[in-house]
There are 2 protein chains.
Amino acid sequence: MGTVTTARGVYPVPIFMPVGTRGAVRTLDGADLESVGADIVLANAYHLMLRPGPAVVARLGGLHRFMGWERHLLTDSGGFQIHSLSPEVCDEGVTFTSVYDGSRLRCTPESVVEVQVTLGADVQMALDVCTTLPAADDVVRQGVERTLAWAQRARRHFDRLDEKPEGQALFGIVQGGIDPDLRRESAERTVALGFDGYGVGGLSVGEPRSAMLEALAATVPHLPADKPRYLMGVGDPVGIIEAVALGVDQFDCVAPTRMARHGSVLTSTGRLNLRNAIHADGDGPLDPTCNCITCRRWSRGYLRHLLGVGEPIAWRLLTIHNLTFMSRLMADARSAIAWGRLEALRAEIRARWPDRTGGPSGG
Amino acid sequence: MGTVTTARGVYPVPIFMPVGTRGAVRTLDGADLESVGADIVLANAYHLMLRPGPAVVARLGGLHRFMGWERHLLTDSGGFQIHSLSPEVCDEGVTFTSVYDGSRLRCTPESVVEVQVTLGADVQMALDVCTTLPAADDVVRQGVERTLAWAQRARRHFDRLDEKPEGQALFGIVQGGIDPDLRRESAERTVALGFDGYGVGGLSVGEPRSAMLEALAATVPHLPADKPRYLMGVGDPVGIIEAVALGVDQFDCVAPTRMARHGSVLTSTGRLNLRNAIHADGDGPLDPTCNCITCRRWSRGYLRHLLGVGEPIAWRLLTIHNLTFMSRLMADARSAIAWGRLEALRAEIRARWPDRTGGPSGG
């Protein structure tokens, strides 16, 4: 589709969204996000609901002003995060224990819509049920049915609210494990509810890449090509390029930022482990083809030193580099699509990132 | 004296040096140091000797290029840091245990000169003996005598070395506890050895401010007015302005950066504890009179949130603010000296920072 238009403007697709869970991409500020070329950032409604709370964000002018970030924002509903807390799920909603103070909290599709309306991002996601894989067929089926019922309630509740951020989009989420039939059914029934875009959730949670791609291939053709199709939680170069080839427009993943903090650097020739002693005397940049502020100013040797002695600035400088790599990767993909050479780019990336462990993993 | 000239250029005095112990001011990069208005940064020869080692720094182009920092650098000898490791001190030098790997290491005045020549900062400090206060008279006297003997050996060794960074300055250090007579004697005998500048060490280590200022008043008049006079480890606004009134040119202290990481913010109206709940909804900047990148873009409420959830970017944004405050304080002091109104500024600062605990403490 080339671009996505929101009330705030336009962002190009396919695109990667850095993850700013608590209202900041870990170790970065808003100026850094501009410098890495980010156009849209993901924040997490579940985390912001707990700290500082949506009312505080609203009183401080909404999420954009709060974060000092003028470009696009998407809030995830937190289905995936809540899921990891072993919640009690029933038809009505989900009950879980706060990681901050141990209190019991309940979320419903309606309450999560309201939280995200109050936060005021450009895109909000419906609450879904994220099923752990592998799982029995009936468990996966139940997750799909609940996700659909919740999507319908989210859609209705959103439409009934009078006060909403101008032009805020609502995306539904497709589930269905790795069963192609269930994925297709989930896609078709979610589309029938009518959303501004579609997340593909519950993938890259430990299943083999081939199974993920098979499920994705069974999903994407059943999503409208004129709405953004967002593969949630995938951020490794090979996973991204394969998904782009299947028609996916949008990605998010904590891996590029988390890897940076552990000294795992994404470069044009593949992954580089900065903790390796070979880099102690490295006088050159992390990647001679990279134009990020880190590569323009500091040597591998200096960055390795900072990482080794635990200086927090190492995490930030490597995060800036890895996110700049992701921006370039997506720009390369957009360019390849425009010039009809996506197949060649796909072959290149597969050659540079020979297996999944060579790049950022999903989840 | 107004300015200090080195091979690299000129820096104005009185000046505050941010502390970049391991080759980085904690949480900041070189571009941040420019944005806070730093003109000279302190690094620690003792720490850099252990990690990554002076040879690595030299192979990567010397400390300036290593850090990506083109302005002035001073390396401290590490006398104060080594002292905190309960070392064995004898006439020859000092033996201590590495905090990194537990190995036993020895430093002599000569070896520390060589490490600092290899690092290549613009100013290096002679190795001194830093005596814990309170201490018996004979212990303080012994510290003074050893510091003088080591200063002489450092001076000689430095002068004999053929290969030195162009124009590198060597500063001696005055000791003597809080005994005015011993301070004067230490100053006179250190000056007799002939250095490019003079550190005043062993103060702000727990003694009352009045005792510190008395010792300082007994020292500074015996140091040449045309060489930089550097009060080591003092960085609270009142301590600085009192010392400036006594003729001190140069300061360093970890307090403004350490305080920032704990949410203690220096403002034009005094200290602000950002963890206080009153700031949760704070829509304004940390200090409405401040022009730092943090105050220009983010609210107290956002910064308090980041601090509360442990986002590392909070530490950086608050550090940028506190160091900008220190730069402004020193610029105010220089301006007050130039316009003959230092006494008025001193009264203002004493009113805003009513007691020592209200500002960054030394040490």
# chains A, B, ... in the order shown; residues from 1 in each chain; ligands from 1
>>> residues_around(residues="Val10 of chain B", least_positions_apart="5", cutoff="12 Å", atoms="only C-alpha atoms", output="list in words")
Met1, Gly2, Thr3, Val4, Thr5, Ile15, Asp39, Ile40, Arg71, His72, Leu73 and Asp122 of chain B
>>> select_by_dssp(residues="segment 15-152 of chain A", states="strand (DSSP E or B)", output="ChimeraX atom specification")
/A:15-17,19,40-44,72-76,88-89,94-97,104-107,123-125
>>> interface_residues(of="chain B", to="chain A", cutoff="9 Å", atoms="only C-alpha atoms", output="ChimeraX atom specification")
/B:22-30,51-52,56-57,59-61,65-68,280-283,297-299,301-302,305-306,308-309,311-314,316-317
>>> residues_around(residues="His222 of chain A", least_positions_apart="5", cutoff="8 Å", atoms="only C-alpha atoms", output="ChimeraX atom specification")
/A:184,187-188
>>> closest_atom_pairs(of="segment 217-322 of chain B", to="segment 198-211 of chain B", cutoff="6 Å", atoms="only C-alpha atoms", output="tab-separated table")
residue	atom	partner	partner_atom	distance
B:Arg229	CA	B:Tyr198	CA	5.1
B:Tyr230	CA	B:Gly199	CA	4.5
B:Leu231	CA	B:Val200	CA	4.8
B:Met232	CA	B:Gly201	CA	5.4
>>> write_last_selection(atoms="C-alpha atoms", output="PDB file, in the first residue's frame")
ATOM      1  CA  ARG B 229      43.996  26.594  41.483  1.00  0.00           C
ATOM      2  CA  TYR B 230      41.792  23.524  41.562  1.00  0.00           C
ATOM      3  CA  LEU B 231      39.715  22.496  44.600  1.00  0.00           C
ATOM      4  CA  MET B 232      39.261  18.757  44.170  1.00  0.00           C
TER       5      MET B 232
END
>>> residues_around(residues="Arg141 of chain A", least_positions_apart="4", cutoff="7 Å", atoms="only C-alpha atoms", output="list in words")
Asp137, Glu145 and Gly176 of chain A
>>> residues_around(residues="Gln124 of chain B", least_positions_apart="4", cutoff="6 Å", atoms="only C-alpha atoms", output="list of chain:residue names")
B:Leu74, B:Thr75, B:Leu170
>>> closest_residue(among="A:Val115, A:Val265, A:Val254, A:Ile349", to="Ala45 of chain A", atoms="only C-alpha atoms")
A:Val115
>>> select_by_dssp(residues="segment 305-341 of chain A", states="alpha helix (DSSP H)", output="ChimeraX atom specification")
/A:305-308,312-338
